[in-house]
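First comes the structure, then the notes that go with it.
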There are 4 protein chains.
Amino acid sequence: MSSDRELRRADFAVVRSLPTRWSDEDTYGHVNNVVHYLMFDTAVNGWLIEATGTDIRSLPAVGLVVETSCRYYAELRFPQLVTAGIALEKLGGSSVVYRLALFGADESPAAVGRFVHVYVDRHSRRPVPVPPIVRMALAQLGDAPAE
Amino acid sequence: MSSDRELRRADFAVVRSLPTRWSDEDTYGHVNNVVHYLMFDTAVNGWLIEATGTDIRSLPAVGLVVETSCRYYAELRFPQLVTAGIALEKLGGSSVVYRLALFGADESPAAVGRFVHVYVDRHSRRPVPVPPIVRMALAQLGDAPAE
Amino acid sequence: MSSDRELRRADFAVVRSLPTRWSDEDTYGHVNNVVHYLMFDTAVNGWLIEATGTDIRSLPAVGLVVETSCRYYAELRFPQLVTAGIALEKLGGSSVVYRLALFGADESPAAVGRFVHVYVDRHSRRPVPVPPIVRMALAQLGDAPAE
Amino acid sequence: MSSDRELRRADFAVVRSLPTRWSDEDTYGHVNNVVHYLMFDTAVNGWLIEATGTDIRSLPAVGLVVETSCRYYAELRFPQLVTAGIALEKLGGSSVVYRLALFGADESPAAVGRFVHVYVDRHSRRPVPVPPIVRMALAQLGDAPAE
């Protein structure tokens, strides 16, 4: 991940605007590290709802989050408008790995992270294939990089 | 509500311990005003689950919050352990009005609030009677004060 | 407050757009009652920062929240864009009472609330006059209704 | 990290009890993935305040979070009481890497994560040595594993 800091908005097929909230700031007067994950969740799921044209919450398969991570490079502050970049890092049979970045005022990212969904049956909670409608939407993110 | 500040822990039939979290503090270095409502929600619903011995989320009738309010008298700080007092202010056909107080280190309350549940059918979202199992639990809160 | 439900976007001098977040929804599949207060806080403070052209967090006087309340009329869902209306209910020597409403897809409000700031000295936490720069901004909200 | 799932409460020098909150559950009826980071933040900072006997927020050096990650193995539900395990993964000149696990009802962890603090000067935000009082507290976590 040595090149994370060189990521730019243009490196992401999809970007989303995410406003900060007053209480996102913690006692240190900057956006708390947890908020970045609220933004990842909102960026990915909000985009999925739009790109599929479907309420993904009512599909028989739901995307459970099995792994997340974030590196923090710069502080964010309310009322900054944050831009989230979404890229496809890897598409598996049941899983989708997203690469995400959050941009504040600067050209370089304030934070870069990963977000991994595994699709499971809503009731049995056992892995199932990524739903076709999700797979079609993911095509808008371009190809995942070759490994 | 002129006597709110005179409320004491002993005025409440039920008290619950609610720890603060690091990020409850906002940029002003005190627990943000929104957190008090997280505590009200947690105190009432946590107590209902215990007192009814039932997962209230799976009942055919769910308690929707239709009104809340809070007056703030003193600042709270992480890692303070907060004590929530729960009292019954009014029991109606479909609705339950709780009086709540949050206590920090002092004898007098840091905040006092109201929390109103209306029970509705899970699917139609239309008002239904307060479920008998909830009504039985509420008896532990004593009588609501005469109006 | 019998006419709360008749409030419309046009009744507010200032309106602000506030996106929902994925995790705003609770186990009942709607925006949790606590989120409305996150929105009130964000609407008022975000507007104050813009309207004063000043980072209100660095003023010698800070606005502490001493009272809040909310009535809930309709459910909100992610990814709904919420419109917050801000009106001045009362301007006192040290305090400002805001009337707020949150609108979802409908013409009528999903929620209506009050939000009371008391200005205090940052260090002593004792009440001080509403800062002139805030008072000037409040003029944009029009006159508070005669009592 | 292949052995993460084999971690047990006894593998952690320090364990802390962290109650869930009602609104920790999201639309899928389980504790949202973001809450785990609220718990990491609360476990580490709450323990540091106790173990140092000092309000770490008022030290000249503050611990900024520069990296976090979490793997999710099992769902948590309100009102479950969560046990957080804290271990020292690495102690550097300016940085502290914590290994954390969250346990629900089971013997095996519901989630395992990392949490990295870099100490910076409160004003300049430039790295400084880990404060001696923090370093002394960290001794209670035992030695970091040899690399």
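The chains in the structure tokens are called A, B, ... from first to last as shown; in each chain the residues are counted from 1, and the ligands are counted from 1 in the order shown.
For chain A, the residues within 6 Å of chain C are Arg21, Trp22 and Thr42 of chain A, with only C-alpha atoms used to measure distance.
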File of the preceding selection, N, CA and C atoms, as a short mmCIF file (atom, residue, chain, number, x, y, z; two decimals), in the first residue's frame:
data_model
loop_
_atom_site.label_atom_id
_atom_site.label_comp_id
_atom_site.auth_asym_id
_atom_site.auth_seq_id
_atom_site.Cartn_x
_atom_site.Cartn_y
_atom_site.Cartn_z
N ARG A 21 -20.75 15.75 9.66
CA ARG A 21 -21.75 16.20 10.63
C ARG A 21 -21.03 16.83 11.83
N TRP A 22 -21.75 17.71 12.50
CA TRP A 22 -21.17 18.41 13.66
C TRP A 22 -20.52 17.44 14.65
N THR A 42 -21.52 4.19 3.79
CA THR A 42 -22.50 5.03 3.10
C THR A 42 -22.16 5.16 1.63
#
**Report entry** DSSP helix (DSSP H, G or I) residues within chain B, listed as a PyMOL selection string
**Finding:** chain B and resi 4-6+9-11+22-24+35-52+56-58+132-141
So that each row is one residue of stretch 10-80 of chain A with an atom at most 8 Å from stretch 106-118 of chain A, can you give its shortest atom pair and the distance in Å to one decimal, using only C-alpha atoms, rows by chain and rising number, as JSON lines?
{"residue": "A:His36", "atom": "CA", "partner": "A:Ala111", "partner_atom": "CA", "distance": 7.9}
{"residue": "A:Phe40", "atom": "CA", "partner": "A:Phe115", "partner_atom": "CA", "distance": 7.4}
{"residue": "A:Gly63", "atom": "CA", "partner": "A:His117", "partner_atom": "CA", "distance": 5.2}
{"residue": "A:Leu64", "atom": "CA", "partner": "A:Val118", "partner_atom": "CA", "distance": 5.3}
{"residue": "A:Val65", "atom": "CA", "partner": "A:His117", "partner_atom": "CA", "distance": 4.7}
{"residue": "A:Val66", "atom": "CA", "partner": "A:Val116", "partner_atom": "CA", "distance": 5.8}
{"residue": "A:Glu67", "atom": "CA", "partner": "A:Val116", "partner_atom": "CA", "distance": 5.2}
{"residue": "A:Thr68", "atom": "CA", "partner": "A:Phe115", "partner_atom": "CA", "distance": 4.6}
{"residue": "A:Ser69", "atom": "CA", "partner": "A:Arg114", "partner_atom": "CA", "distance": 5.2}
{"residue": "A:Cys70", "atom": "CA", "partner": "A:Gly113", "partner_atom": "CA", "distance": 4.0}
{"residue": "A:Arg71", "atom": "CA", "partner": "A:Val112", "partner_atom": "CA", "distance": 5.4}
{"residue": "A:Tyr72", "atom": "CA", "partner": "A:Ala111", "partner_atom": "CA", "distance": 4.4}
{"residue": "A:Tyr73", "atom": "CA", "partner": "A:Ala110", "partner_atom": "CA", "distance": 4.9}
{"residue": "A:Ala74", "atom": "CA", "partner": "A:Ala110", "partner_atom": "CA", "distance": 4.4}
{"residue": "A:Glu75", "atom": "CA", "partner": "A:Ala110", "partner_atom": "CA", "distance": 6.5}
{"residue": "A:Leu76", "atom": "CA", "partner": "A:Ala110", "partner_atom": "CA", "distance": 7.1}
Report summary line: Using only C-alpha atoms, the best pick from B:Gly104, B:Pro129, B:Gly85, B:Arg122 as closest to B:Leu59 would be B:Arg122
Requested in this report: Write out as a list of chain:residue names the residues lying within 10 Å of D:Arg125, counting only C-alpha atoms and excluding same-chain residues fewer than 6 positions away.
Outcome: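 Using only C-alpha atoms, the neighbours found are D:Ala61, D:Val62, D:Leu64, D:Tyr119.
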Requested in this report: Return as JSON, numbers by chain the full set of residues in stretch 63-143 of chain A whose backbone-based DSSP assignment is strand (DSSP E).
Outcome: {"A": [63, 64, 65, 66, 67, 68, 69, 70, 71, 72, 81, 82, 83, 84, 85, 86, 87, 88, 89, 90, 91, 95, 96, 97, 98, 99, 100, 101, 102, 103, 111, 112, 113, 114, 115, 116, 117, 118, 119, 120, 121]}
Go ahead and save the picked residues with C-alpha atoms, as a short mmCIF file (atom, residue, chain, number, x, y, z; two decimals), in the first residue's frame.
data_model
loop_
_atom_site.label_atom_id
_atom_site.label_comp_id
_atom_site.auth_asym_id
_atom_site.auth_seq_id
_atom_site.Cartn_x
_atom_site.Cartn_y
_atom_site.Cartn_z
CA GLY A 63 -23.61 -8.15 1.68
CA LEU A 64 -22.08 -8.66 5.10
CA VAL A 65 -18.94 -6.75 5.97
CA VAL A 66 -16.19 -9.23 6.84
CA GLU A 67 -13.14 -6.96 6.81
CA THR A 68 -12.41 -3.25 6.83
CA SER A 69 -9.29 -1.16 7.20
CA CYS A 70 -8.23 2.46 6.96
CA ARG A 71 -5.04 4.50 6.93
CA TYR A 72 -5.34 8.10 8.01
CA LEU A 81 -17.50 18.22 2.30
CA VAL A 82 -15.71 14.92 1.78
CA THR A 83 -15.34 13.19 -1.58
CA ALA A 84 -15.24 9.41 -1.45
CA GLY A 85 -13.62 7.49 -4.29
CA ILE A 86 -14.76 3.92 -4.93
CA ALA A 87 -12.73 1.37 -6.88
CA LEU A 88 -12.96 -2.37 -7.34
CA GLU A 89 -9.96 -4.13 -5.89
CA LYS A 90 -11.12 -7.70 -6.35
CA LEU A 91 -14.25 -9.52 -7.38
CA SER A 95 -17.03 -11.47 -2.20
CA VAL A 96 -16.29 -7.97 -3.37
CA VAL A 97 -13.26 -6.01 -2.21
CA TYR A 98 -13.54 -2.25 -2.57
CA ARG A 99 -10.68 0.22 -2.39
CA LEU A 100 -11.88 3.52 -0.96
CA ALA A 101 -10.37 6.92 -0.45
CA LEU A 102 -11.66 10.02 1.31
CA PHE A 103 -10.58 13.44 0.03
CA ALA A 111 -7.62 8.49 4.22
CA VAL A 112 -7.48 5.29 2.18
CA GLY A 113 -9.22 2.06 3.08
CA ARG A 114 -10.53 -1.35 2.12
CA PHE A 115 -14.05 -2.66 2.54
CA VAL A 116 -14.93 -6.31 1.96
CA HIS A 117 -18.47 -7.58 1.40
CA VAL A 118 -19.31 -11.27 1.44
CA TYR A 119 -22.75 -12.08 0.10
CA VAL A 120 -24.77 -14.45 2.26
CA ASP A 121 -28.27 -15.79 2.18
#
Requested in this report: Tell me, in Å to one decimal, how far atom CA of B:His123 is from atom CA of B:Pro60.
Outcome: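 Interatomic distance here is 8.3 Å.
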